[in-house]
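Chemist: Below you will find the structure I want to go over with you.
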Amino acid sequence: GRSKTRLHGFPGCRIAAMEDQISAALVASMSADENTRVSAEAQLTQGGTQPGFGLALTKVALNQQGAVPGTRQLAAVVLKKYIKEHWQAGEGRFFPPQVSDEEKAGIRELLPMGLGDPSGKIRTACGMAIATICVWDWPQAWPALIGILIGALRERTSEDTVIGALRCLAMIAGDLEEGQVPTVVPLLFPELLQIVTNVHVSLSVKRRALAVMHSVLLTLGMMSGAHQRAVRDLMNPLLPGWLEVFSVILDPSSFKLNQRPISSNQCGVLLETLRCLTQVTSYFSKTAGEALLSPLSRAAALFHAMAPMYANAFVATHGNARAFDDARDSDGDTLSLETVVAQVIELVMALVEHPWLSAVVAPGLDDTVYQALGYMCMTSDQEESWRHDSNQYVADEDDDVSTVRAMCGLLLDELCDRFGTVVLSSLQTACARRLIESGQLRLSGDPDWWKGREATMLAVGVVADFALDAEQAAAAEHKQPAFVTNEFLQSVLTRELSETNNTTAGNNSFLTGRALWVAAKLAPGAPPSAALAVLAASVKALAPNAEAPLRVGACRALAQYVPVAPKTSLAPLLGAIYQGLGGLLESHEQTRAAAEAAQNAGTAPQTAGFDSDDDDSLHLVLEAMLVVVRADDDAAVPWSTVLAPTTLRLWAGKVSDPLLSATARDVLEALANNPKCLPGLLMLAVPTLASIIQNPQAQPPMLVESSLDVMCVLLRPAPSGGESARACHAACFAAVVQLALTSDDVGVLQSAAECLRAFLRSGGEASLAWGVDGSGGGSGASGDVLRSYLDAAARLLSCEMEEGASVFAAPLLGQMLRRLPFQMRLVVPEVVVAVVSRARNAKQPNLVAALVPILARLVHSDTDALVQMLASTPAPPFFVSQVHTQEKEEGSDGVPPATNALDTAMRLWVTHQADVQGAFDIKITVTALALLLASANSAATLGAVVVRGKPVVTETGDVPRTRSRAKAAGPEQFVPTPVSVVILELLADAILEIKEANQDDGVFDRDEDDEWEDDEDADDEFDGDGGSGGKQSGGGGGLFGGDLLERLMDKGIDDGYGDDDADEKEDPLGAICVETFLKERMGATHQAGRLVPLATGLDSRRQQALMTLLS
């Protein structure tokens, strides 16, 4: 009999009764009463575990009779969720129980009926449900589905049914698998073609049929590389009919472009056709053959024919864009002339990128570039948006890649890449034509005359890098360049930036701003005489109340021309530049204050200048100010008293913006590096920073961390041991130490550790007598400075600390050992035990690699003392806590357990030497290994240390060690090897790296080229042009992990260090020449007779490296 089981909310009853229960629950879930709504949602969730729920829910969604408004749509939403959660065990968001096979069959039978539902939302929901089920059930459990959908297209009983079937097919097409394509495509494409060519089918349905075609072409395109022949054979009989249809659709005359606007449905058909043609061009050009040329020529004609309509509709100030019946389809795509033009441009770019179809574009290159400049004209909407919104103007300039204007810029780039300097000749001709037209429009009184001129400068700026490189190459060959950048720059200076033509009123603000922008782009090739004219124009563009394009263009121009301007010419302008840029910063402050006041008062602020949300444009101002401050130390002094507090407020207010706050910090750093500005900057900034650091809990996110970074910036140029350093120490040292001892934020701990390094660098040994609070108490009442450093380092090294924070203990300890050698001697044992213990308990290799240089520095200080200390110290225990239990069974890998700290330290060192990063750390660790090997006094002690050697070869030979095999076989076994042998292997690898890094035509450069060749071969294989068969790149592979390029950033071991780490540059160990050092130490080891016995176990390549070094 029927089950008597009852679940909460739904009884175990017949499907019809369950439908009533579900309908009631759906109605209740839309109730305004929260309790009713929550109870209903719980019933629906619980109902999902009831057999028959899915089938009943499907019937509710499809029931067009007597349903409460909104119930069916909600039922469809719940159904989609139900299918995802209960259809297939082990997949996605599955939640038991799984739907029974009988109920699945019932749902599969009902769902296709929903594709013909009058409600578009129900059709879409059913289509999505079918597409989801398809992933698991088609074709094995649902072989009839494609026949049902294609049958709906063939029979066309109603437009709703066809639209629903097409919508479903579009979703399924993207997930077609290789084995399904040969079955589906030959049946589907002819039916789609019938719909598109049928004069009685609406444009809306035709667009959807083309969208399905596009989805299938995308899938086929991804398959073509691996299954090229099969896809080509499949497409051969199908493409010709489609190409003919594409030609008809894309015929410009069929749309009567000059007589009436194109409707949204027409735009939709054009859009999908162009998308399909783009895919055919990219993936099936060989299959299509010459038949492809006809639709491509029509598309090219469309590119030219649409230009006047686009200009009249979108560029003209009083254009008729609204006359175009813009609409959005169910996917959110806009169906308008603008989207069609953008797709045409994308197709042209696909042609340009194509290996042989690009030849089709070459004859009309002049006209293509000319039309591109027309499409690059600013639209009236952009003009309105940008005129007063500098932030939007900058954001769109930098990030826009989807508008017609931006895509034409990308097209020019592609043309230059494909056709080279001939494009510059076309650009020269197009610019001349556009400038003449602009002048004629100006004389006729056209208010938009300036847009063509602005687009011309934009186009030149887009290809400026290419033009400058081509000009330089032509000069080297004593040839006339195709495009003379200085001539164009001079014309800009004369036409837009001269005293008589320059204006900040009306539309010309866009012209002047663009002129400054293109001048900045052409700055690398500009003569010195141009700098003065550009700088003078920039000063004028910084006038109060200047419009956004002027301010932005001026900032960009200043950033480029101030560094290259002659000092004598720049000096008279610096005051005005400071005043102009400072005015923009002050304007931001006023706007921000007005916005805050208006927010409190509930009114809108009425202030000129920047908007309250202007981070992008503000960043440009700060970048320009940074260049100006660095240009002339003396000129910066009188302005620093105004600039410093403003910049400090901006930094604090924008600390959550990493780019903006970093640039503000750079400005402060530039002021700090000026000895005449530093005292005043410290007086202003240190109290502010101290108040933040001393009250971390009261600060917004990131402000404490950033304050510590700024403190480092201010301490770096402070004279060591001077009054400035002591004042900073007195104000902030104790608070920084407290942060290091109490904070759990890894970012704060990193910045605190760096700040303590900066205190140590600026205060030196003298700071130990200043006391923690700077009062001079030394180790008395004011506290022990040295102990504060040690406590901070000890906490960072605690096994309870996150490993990401422990990494930053290493550079701090390294500088304590270097700058306070006498004081640290007493605590070296304490430091060594803490370092070895933290390294032994580390899970991340980068932490061990960061701590190894501490041991290396101690080796350089006193090799024998360190070895004896480690040998006499017990091996540190593994850390155990309530949160994490470190479980390691030493000895299970074939190497005996560590008996002392020396065993532990050396095993960690040689295992993780390959993980050491950075030129300086690699240098001191490699040379420290040489010192260990060369020490005669420690040879016996080190000789007793064994580490992992080569893996033990098992009977399985070279069979890969998978997880399951490893679990069955137990821990991997290694040959116990004397540590001295492994050290010698590492030193031999270092010698090989030095040799390779110093070669003029280095092996690593050739390897990098080989890798690129492999990539190109892979691409060729995808495109059907064959491949290299997996050619292996050269190189040793095992040298320090085989990642020298990554670890040294293409630099040798003896290369210099970054400017940002003064500690490493000042460190005496940095002066070591590794090759000379190794030759001396290993030569001494050889003379003592200890090298040959160790070298007998090395491979021939390493032995040869040692012999070459010692010869």
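Following the order of the structure tokens, first chain is A, next is B, and so on, with residues numbered from 1 inside each chain and ligands from 1 in the order they appear.
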Just the residues within 10 Å of Tyr370 (chain A), please, counting only C-alpha atoms, with nothing from its chain fewer than 5 positions along; format it as a list of chain:residue names.
Modeler: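 Once the nearby chain positions are removed, what remains is A:His304, A:Gly364, A:Leu365, A:Tyr375, A:Ser426, A:Leu427, A:Gln428, A:Thr429, A:Ala430, A:Cys431, A:Ala432, A:Arg433, A:Arg434, A:Thr456.
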Chemist: Name all residues at most 12 Å from Ser285 (chain A) (count only C-alpha atoms; drop same-chain ones fewer than 6 positions away) and give them as a PyMOL selection string.
Modeler: chain A and resi 221+224+232+235-236+239-240+243+277-279+291-293+296+350-351+354-358+1023-1024
Chemist: Identify, on the basis of only C-alpha atoms, every residue whose closest approach to region 482-495 of chain A does not exceed 10 Å; exclude the query and any residue fewer than 4 positions from it along the same chain; express the result as a VMD selection string.
Modeler: chain A and resid 421 to 429 431 457 460 464 467 to 468 470 to 471 474 499 to 502 511 to 512 514 to 516 518 to 523 525 to 527 530 533 to 534 537
Chemist: Just to confirm, what's the straight-line distance from CA of Gly241 (chain A) to CA of Glu191 (chain A) in Å (one decimal)?
Modeler: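 Between CA of Gly241 (chain A) and CA of Glu191 (chain A) the gap works out to 11.9 Å.
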Chemist: CA of Val947 (chain A) and CA of Asp903 (chain A) are how many Å apart?
Modeler: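 For CA of Val947 (chain A) relative to CA of Asp903 (chain A), the distance reads 7.9 Å.
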Chemist: Please provide as a list in words all residues within 10 Å of Ile692 (chain A), with the sequence filter that same-chain residues fewer than 4 positions apart are discarded (counting only C-alpha atoms).
Modeler: Val686, Pro687, Thr688, Pro696, Gln697, Ala698, Gln699, Pro700, Leu703, Val704, Glu705, Ser707, Leu708, Cys732 and Ala735 of chain A
Chemist: Limited to N, CA, C and O atoms, could you put the picked residues into a file as a CSV table (one decimal), in the first residue's frame?
Modeler:
```
chain,number,residue,atom,x,y,z
A,686,VAL,N,55.6,62.7,12.3
A,686,VAL,CA,55.8,61.7,13.3
A,686,VAL,C,54.7,61.8,14.4
A,686,VAL,O,54.2,60.7,14.8
A,687,PRO,N,54.3,62.9,14.8
A,687,PRO,CA,53.2,62.9,15.8
A,687,PRO,C,51.9,62.3,15.3
A,687,PRO,O,51.2,61.5,16.0
A,688,THR,N,51.6,62.5,14.0
A,688,THR,CA,50.4,61.8,13.4
A,688,THR,C,50.6,60.3,13.4
A,688,THR,O,49.7,59.6,13.8
A,696,PRO,N,46.2,51.3,18.0
A,696,PRO,CA,45.8,50.5,16.8
A,696,PRO,C,44.4,50.1,16.7
A,696,PRO,O,43.8,50.0,15.6
A,697,GLN,N,43.8,49.9,17.8
A,697,GLN,CA,42.4,49.3,17.8
A,697,GLN,C,41.4,50.4,17.3
A,697,GLN,O,40.3,50.0,16.9
A,698,ALA,N,41.7,51.6,17.4
A,698,ALA,CA,40.8,52.7,17.0
A,698,ALA,C,40.9,53.1,15.6
A,698,ALA,O,40.2,54.0,15.1
A,699,GLN,N,41.8,52.4,14.8
A,699,GLN,CA,42.1,52.8,13.4
A,699,GLN,C,41.3,52.0,12.4
A,699,GLN,O,41.0,50.8,12.7
A,700,PRO,N,41.0,52.6,11.3
A,700,PRO,CA,40.4,51.8,10.2
A,700,PRO,C,41.3,50.8,9.6
A,700,PRO,O,42.5,50.8,9.9
A,703,LEU,N,45.3,51.2,8.1
A,703,LEU,CA,46.0,52.4,8.4
A,703,LEU,C,47.2,52.2,9.3
A,703,LEU,O,48.3,52.8,9.1
A,704,VAL,N,47.1,51.2,10.2
A,704,VAL,CA,48.3,51.0,11.1
A,704,VAL,C,49.4,50.4,10.3
A,704,VAL,O,50.6,50.8,10.4
A,705,GLU,N,49.2,49.4,9.5
A,705,GLU,CA,50.2,48.8,8.6
A,705,GLU,C,50.8,49.9,7.7
A,705,GLU,O,52.1,49.9,7.6
A,707,SER,N,50.9,53.1,8.2
A,707,SER,CA,51.7,54.0,9.0
A,707,SER,C,53.1,53.5,9.3
A,707,SER,O,54.0,54.3,9.3
A,708,LEU,N,53.2,52.3,9.6
A,708,LEU,CA,54.5,51.7,9.8
A,708,LEU,C,55.4,51.8,8.6
A,708,LEU,O,56.6,52.0,8.7
A,732,CYS,N,57.9,56.6,18.7
A,732,CYS,CA,57.2,55.5,18.1
A,732,CYS,C,57.8,54.1,18.4
A,732,CYS,O,57.1,53.1,18.2
A,735,ALA,N,55.8,51.8,20.8
A,735,ALA,CA,54.5,51.4,20.2
A,735,ALA,C,54.7,50.3,19.1
A,735,ALA,O,53.9,49.4,19.0
```
Chemist: Taking the DSSP assignment computed from this structure's backbone, write out as a PyMOL selection string all residues of region 307-447 of chain A that belong to strand (DSSP E or B).
Modeler: chain A and resi 327-328+334-335
Chemist: Need the shell around Thr132 (chain A): protein/DNA/RNA residues with any atom at most 9 Å away, counting only C-alpha atoms. Skip same-chain ones fewer than 5 positions apart. Format as a list of chain:residue names?
Modeler: A:Lys80, A:Ile83, A:Lys84, A:Gly127, A:Ile172
Chemist: Output C-alpha atoms of each residue in that selection to a file, as a compact mmCIF listing (two decimals), in the first residue's frame.
Modeler:
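Dumped everything to again.txt:
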```txt
# COMPACT_ATOMS: atom_id res chain seq x y z
CA LYS A 80 16.28 24.53 -11.04
CA ILE A 83 17.70 19.56 -9.97
CA LYS A 84 21.13 20.88 -9.03
CA GLY A 127 15.57 25.46 -20.98
CA ILE A 172 23.32 22.92 -24.64
```
